[in-house]
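Asker: Please find one structure pasted underneath; my questions will follow.
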Amino acid sequence: MAVSRRVFLMAPLPAMLWLRVAAAADSPNAVIQHFYDALLATMKEAKHLSFDQRYQRLAPVITATFDLGLTSRLSVGPGWTQLTPDQQRRLTDVFSRYTISLYASRFDDFNGERLEVDANTVASPNGTIVQTKLIKSDGDKVTLNYLMRQSADGSWQVIDVYLSGTISELATRRSEFAGTLQAGGADGLIKLLEDRTAALRTSKG
């Protein structure tokens with residue numbers, strides 16, 4: 001299993017509704033704990049699962065845990081408002097599939113890792129931060145902190161992940177996507193994400 005800085009098959013509607021109802025009743029910490037429980041369960045069976053099977057298992061919980069629509073917009077930045085509704089829809093769709101594919105690709109094995117969620121949250125000007133650690137079998141610890149916001153329906157969702165505790169994945173993606181958007185526009189970024197998603201499926205199938 002690899003964790004790096006570059007850390008939809010749609011779920012059945014009843015499952016998605018159940019996850020949204022559960023998320024609305026949960027604290028930010030509990031949302032991340034549910035996510036980690038699903039992640040670990042998939043990791044433990046990963047050797048017997050294809051990429052697509054891991055994707056299908058993780059898609060519902062990732063879609064419930066992460067605000068992929070907002071994250072798509074924030075990753076594009078101010079230029080989002082200049083895109084057509086169709087481009088916005090396509091970008092959100094491919095960004096969602098790419099995000100789920102990253103997790104299906106990265107968490108493809110289990111070697112005794114543990115995922116710990118801090119019981120306390122940290123207030124942030126942009127939301128609430130849930131602090132966690134991935135503890136490898138050799139004792140090495142990787143800090144992963146989640147910036148979360150509460151939506152109008154009461155559910156808490158992730159809008160950014162801080163790798164090593166401080167490196168904003170959202171800021172990294174926005175910086176990375178800026179060049180592609182400038183050179184090829186929305187269609188260029190859509191193609192980039194489609195190609196990356198296909199490559200993940202091919203390499204980890």
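Each chain of the structure tokens is named A, B, ... in the order shown, its residues numbered from 1; ligands are numbered from 1 in display order.
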So which residues touch Thr197 in chain A within 10 Å, counting only C-alpha atoms, skipping near sequence neighbours fewer than 2 positions away, as a list of chain:residue names?

Answerer: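 The residues that qualify are A:Val94, A:Phe95, A:Arg97, A:Tyr98, A:Thr99, A:Ile100, A:Ser101, A:Leu102, A:Ser105, A:Lys191, A:Leu192, A:Leu193, A:Glu194, A:Asp195, A:Ala199, A:Leu200, A:Arg201, A:Thr202.
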
Asker: Using N, CA and C atoms, can you write the selected residues to a file as a PDB file, in the first residue's frame?

Answerer:
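Below is the file selection-v9.pdb, written as the result:
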```pdb
ATOM      1  N   VAL A  94     -15.798  13.347 -13.581  1.00  0.00           N
ATOM      2  CA  VAL A  94     -14.493  12.719 -13.775  1.00  0.00           C
ATOM      3  C   VAL A  94     -13.609  12.918 -12.551  1.00  0.00           C
ATOM      4  N   PHE A  95     -13.725  14.066 -11.874  1.00  0.00           N
ATOM      5  CA  PHE A  95     -12.965  14.297 -10.648  1.00  0.00           C
ATOM      6  C   PHE A  95     -13.389  13.297  -9.569  1.00  0.00           C
ATOM      7  N   ARG A  97     -14.712  10.268 -10.047  1.00  0.00           N
ATOM      8  CA  ARG A  97     -14.214   8.943 -10.415  1.00  0.00           C
ATOM      9  C   ARG A  97     -12.710   8.825 -10.189  1.00  0.00           C
ATOM     10  N   TYR A  98     -11.990   9.908 -10.473  1.00  0.00           N
ATOM     11  CA  TYR A  98     -10.547   9.918 -10.253  1.00  0.00           C
ATOM     12  C   TYR A  98     -10.221   9.789  -8.764  1.00  0.00           C
ATOM     13  N   THR A  99     -10.939  10.516  -7.917  1.00  0.00           N
ATOM     14  CA  THR A  99     -10.695  10.459  -6.477  1.00  0.00           C
ATOM     15  C   THR A  99     -10.933   9.060  -5.937  1.00  0.00           C
ATOM     16  N   ILE A 100     -12.036   8.442  -6.312  1.00  0.00           N
ATOM     17  CA  ILE A 100     -12.333   7.084  -5.855  1.00  0.00           C
ATOM     18  C   ILE A 100     -11.289   6.108  -6.382  1.00  0.00           C
ATOM     19  N   SER A 101     -10.869   6.303  -7.621  1.00  0.00           N
ATOM     20  CA  SER A 101      -9.859   5.428  -8.212  1.00  0.00           C
ATOM     21  C   SER A 101      -8.528   5.525  -7.483  1.00  0.00           C
ATOM     22  N   LEU A 102      -8.175   6.720  -7.012  1.00  0.00           N
ATOM     23  CA  LEU A 102      -6.941   6.878  -6.246  1.00  0.00           C
ATOM     24  C   LEU A 102      -6.960   6.007  -4.996  1.00  0.00           C
ATOM     25  N   SER A 105      -6.728   2.355  -5.805  1.00  0.00           N
ATOM     26  CA  SER A 105      -5.376   2.009  -6.238  1.00  0.00           C
ATOM     27  C   SER A 105      -4.398   1.979  -5.072  1.00  0.00           C
ATOM     28  N   LYS A 191      -9.782  15.514 -19.962  1.00  0.00           N
ATOM     29  CA  LYS A 191      -9.007  14.435 -20.608  1.00  0.00           C
ATOM     30  C   LYS A 191      -7.872  13.966 -19.701  1.00  0.00           C
ATOM     31  N   LEU A 192      -7.200  14.913 -19.040  1.00  0.00           N
ATOM     32  CA  LEU A 192      -6.116  14.546 -18.127  1.00  0.00           C
ATOM     33  C   LEU A 192      -6.613  13.615 -17.033  1.00  0.00           C
ATOM     34  N   LEU A 193      -7.740  13.970 -16.416  1.00  0.00           N
ATOM     35  CA  LEU A 193      -8.276  13.160 -15.327  1.00  0.00           C
ATOM     36  C   LEU A 193      -8.801  11.820 -15.831  1.00  0.00           C
ATOM     37  N   GLU A 194      -9.395  11.822 -17.022  1.00  0.00           N
ATOM     38  CA  GLU A 194      -9.851  10.557 -17.607  1.00  0.00           C
ATOM     39  C   GLU A 194      -8.666   9.632 -17.869  1.00  0.00           C
ATOM     40  N   ASP A 195      -7.584  10.191 -18.413  1.00  0.00           N
ATOM     41  CA  ASP A 195      -6.392   9.384 -18.700  1.00  0.00           C
ATOM     42  C   ASP A 195      -5.778   8.835 -17.415  1.00  0.00           C
ATOM     43  N   ALA A 199      -5.406   4.933 -16.310  1.00  0.00           N
ATOM     44  CA  ALA A 199      -4.080   4.392 -15.980  1.00  0.00           C
ATOM     45  C   ALA A 199      -4.091   3.694 -14.632  1.00  0.00           C
ATOM     46  N   LEU A 200      -4.814   4.250 -13.658  1.00  0.00           N
ATOM     47  CA  LEU A 200      -4.916   3.615 -12.343  1.00  0.00           C
ATOM     48  C   LEU A 200      -5.598   2.266 -12.453  1.00  0.00           C
ATOM     49  N   ARG A 201      -6.652   2.204 -13.229  1.00  0.00           N
ATOM     50  CA  ARG A 201      -7.377   0.939 -13.392  1.00  0.00           C
ATOM     51  C   ARG A 201      -6.497  -0.094 -14.089  1.00  0.00           C
ATOM     52  N   THR A 202      -5.738   0.327 -15.081  1.00  0.00           N
ATOM     53  CA  THR A 202      -4.881  -0.594 -15.828  1.00  0.00           C
ATOM     54  C   THR A 202      -3.744  -1.120 -14.970  1.00  0.00           C
TER      55      THR A 202
END
```

Asker: Please return as number ranges by chain: the residues of range 34-194 of chain A that backbone DSSP assigns to strand (DSSP E).

Answerer: A: 114-124, 127-135, 141-150, 156-163, 167-168

Asker: How would the residues just picked look written out with C-alpha atoms as a compact mmCIF listing (two decimals), in the first residue's frame?

Answerer:
```
# COMPACT_ATOMS: atom_id res chain seq x y z
CA ARG A 114 -3.79 0.89 11.83
CA LEU A 115 -5.83 4.04 11.29
CA GLU A 116 -6.41 6.17 14.37
CA VAL A 117 -8.81 9.10 14.70
CA ASP A 118 -8.19 11.71 17.40
CA ALA A 119 -11.21 12.18 19.66
CA ASN A 120 -10.71 15.95 19.64
CA THR A 121 -11.28 18.30 16.72
CA VAL A 122 -9.48 21.55 15.92
CA ALA A 123 -11.34 24.70 14.92
CA SER A 124 -10.25 26.28 11.65
CA GLY A 127 -14.20 24.51 9.02
CA THR A 128 -13.30 21.78 11.50
CA ILE A 129 -10.16 19.65 11.37
CA VAL A 130 -10.18 15.98 12.30
CA GLN A 131 -6.69 14.71 13.11
CA THR A 132 -5.73 11.14 12.26
CA LYS A 133 -2.71 8.90 11.93
CA LEU A 134 -1.93 5.96 9.70
CA ILE A 135 0.38 3.70 11.70
CA LYS A 141 3.32 7.16 11.53
CA VAL A 142 1.78 9.22 8.72
CA THR A 143 -0.37 12.17 9.77
CA LEU A 144 -3.53 12.74 7.72
CA ASN A 145 -5.79 15.60 8.79
CA TYR A 146 -9.23 16.24 7.30
CA LEU A 147 -10.81 19.66 6.89
CA MET A 148 -14.58 19.27 7.18
CA ARG A 149 -17.64 21.47 6.79
CA GLN A 150 -21.21 20.94 7.87
CA TRP A 156 -20.22 16.66 7.81
CA GLN A 157 -18.06 16.18 4.71
CA VAL A 158 -14.38 16.49 3.88
CA ILE A 159 -13.28 19.38 1.64
CA ASP A 160 -9.51 19.01 2.00
CA VAL A 161 -6.90 16.56 3.25
CA TYR A 162 -3.66 17.74 4.83
CA LEU A 163 -0.94 15.21 4.03
CA ILE A 167 0.29 19.84 3.01
CA SER A 168 -3.07 20.79 1.49
```

Asker: Find the residues near range 63-77 of chain A: any atom within 8 Å, counting only C-alpha atoms, skip ones fewer than 4 places away on the same chain, and give them as a PyMOL selection string.

Answerer: chain A and resi 16+19-20+23+31-32+35+59+91-92+95-96+156-160+170-171+173-174+177-178

Asker: Determine which residues of chain A receive a DSSP assignment of alpha helix (DSSP H), computed from the backbone, and state them as a PyMOL selection string.

Answerer: chain A and resi 13-25+28-45+51-65+68-76+85-106+169-203

Asker: Could you jot down the CA of Asp26 in chain A to CA of Ile62 in chain A separation for me, Å, one decimal place?

Answerer: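 A separation of 15.4 Å between them.
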
Asker: In Å, with one decimal, what is the gap from CA of Asp108 in chain A to CA of Ala46 in chain A?

Answerer: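 CA of Ala46 in chain A lies at a distance of 5.2 Å from CA of Asp108 in chain A.
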
Asker: Which distance in Å separates CA of Glu113 in chain A and CA of Lys44 in chain A, to one decimal?

Answerer: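 We find that CA of Glu113 in chain A and CA of Lys44 in chain A lie 9.8 Å from each other.
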
Asker: Please list as a PyMOL selection string every residue within 10 Å of Leu49 in chain A, counting only C-alpha atoms and excluding residues in the same chain fewer than 5 positions away.

Answerer: chain A and resi 42-44+54-55+57+108-109+205

Asker: Got time to write the residues from that selection, C-alpha atoms, as a PDB file, in the first residue's frame?

Answerer:
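Output saved as selection.pdb:
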```
ATOM      1  CA  THR A  42     -11.382  -3.279   1.907  1.00  0.00           C
ATOM      2  CA  MET A  43      -7.610  -3.346   2.505  1.00  0.00           C
ATOM      3  CA  LYS A  44      -7.878  -6.625   4.420  1.00  0.00           C
ATOM      4  CA  ARG A  54     -12.379  -2.270  -4.603  1.00  0.00           C
ATOM      5  CA  TYR A  55     -13.775   0.756  -6.452  1.00  0.00           C
ATOM      6  CA  ARG A  57     -16.847  -1.074  -2.313  1.00  0.00           C
ATOM      7  CA  ASP A 108      -4.714  -2.364  -2.372  1.00  0.00           C
ATOM      8  CA  ASP A 109      -3.045  -4.420   0.366  1.00  0.00           C
ATOM      9  CA  GLY A 205      -6.510  -4.184 -12.189  1.00  0.00           C
TER      10      GLY A 205
END
```
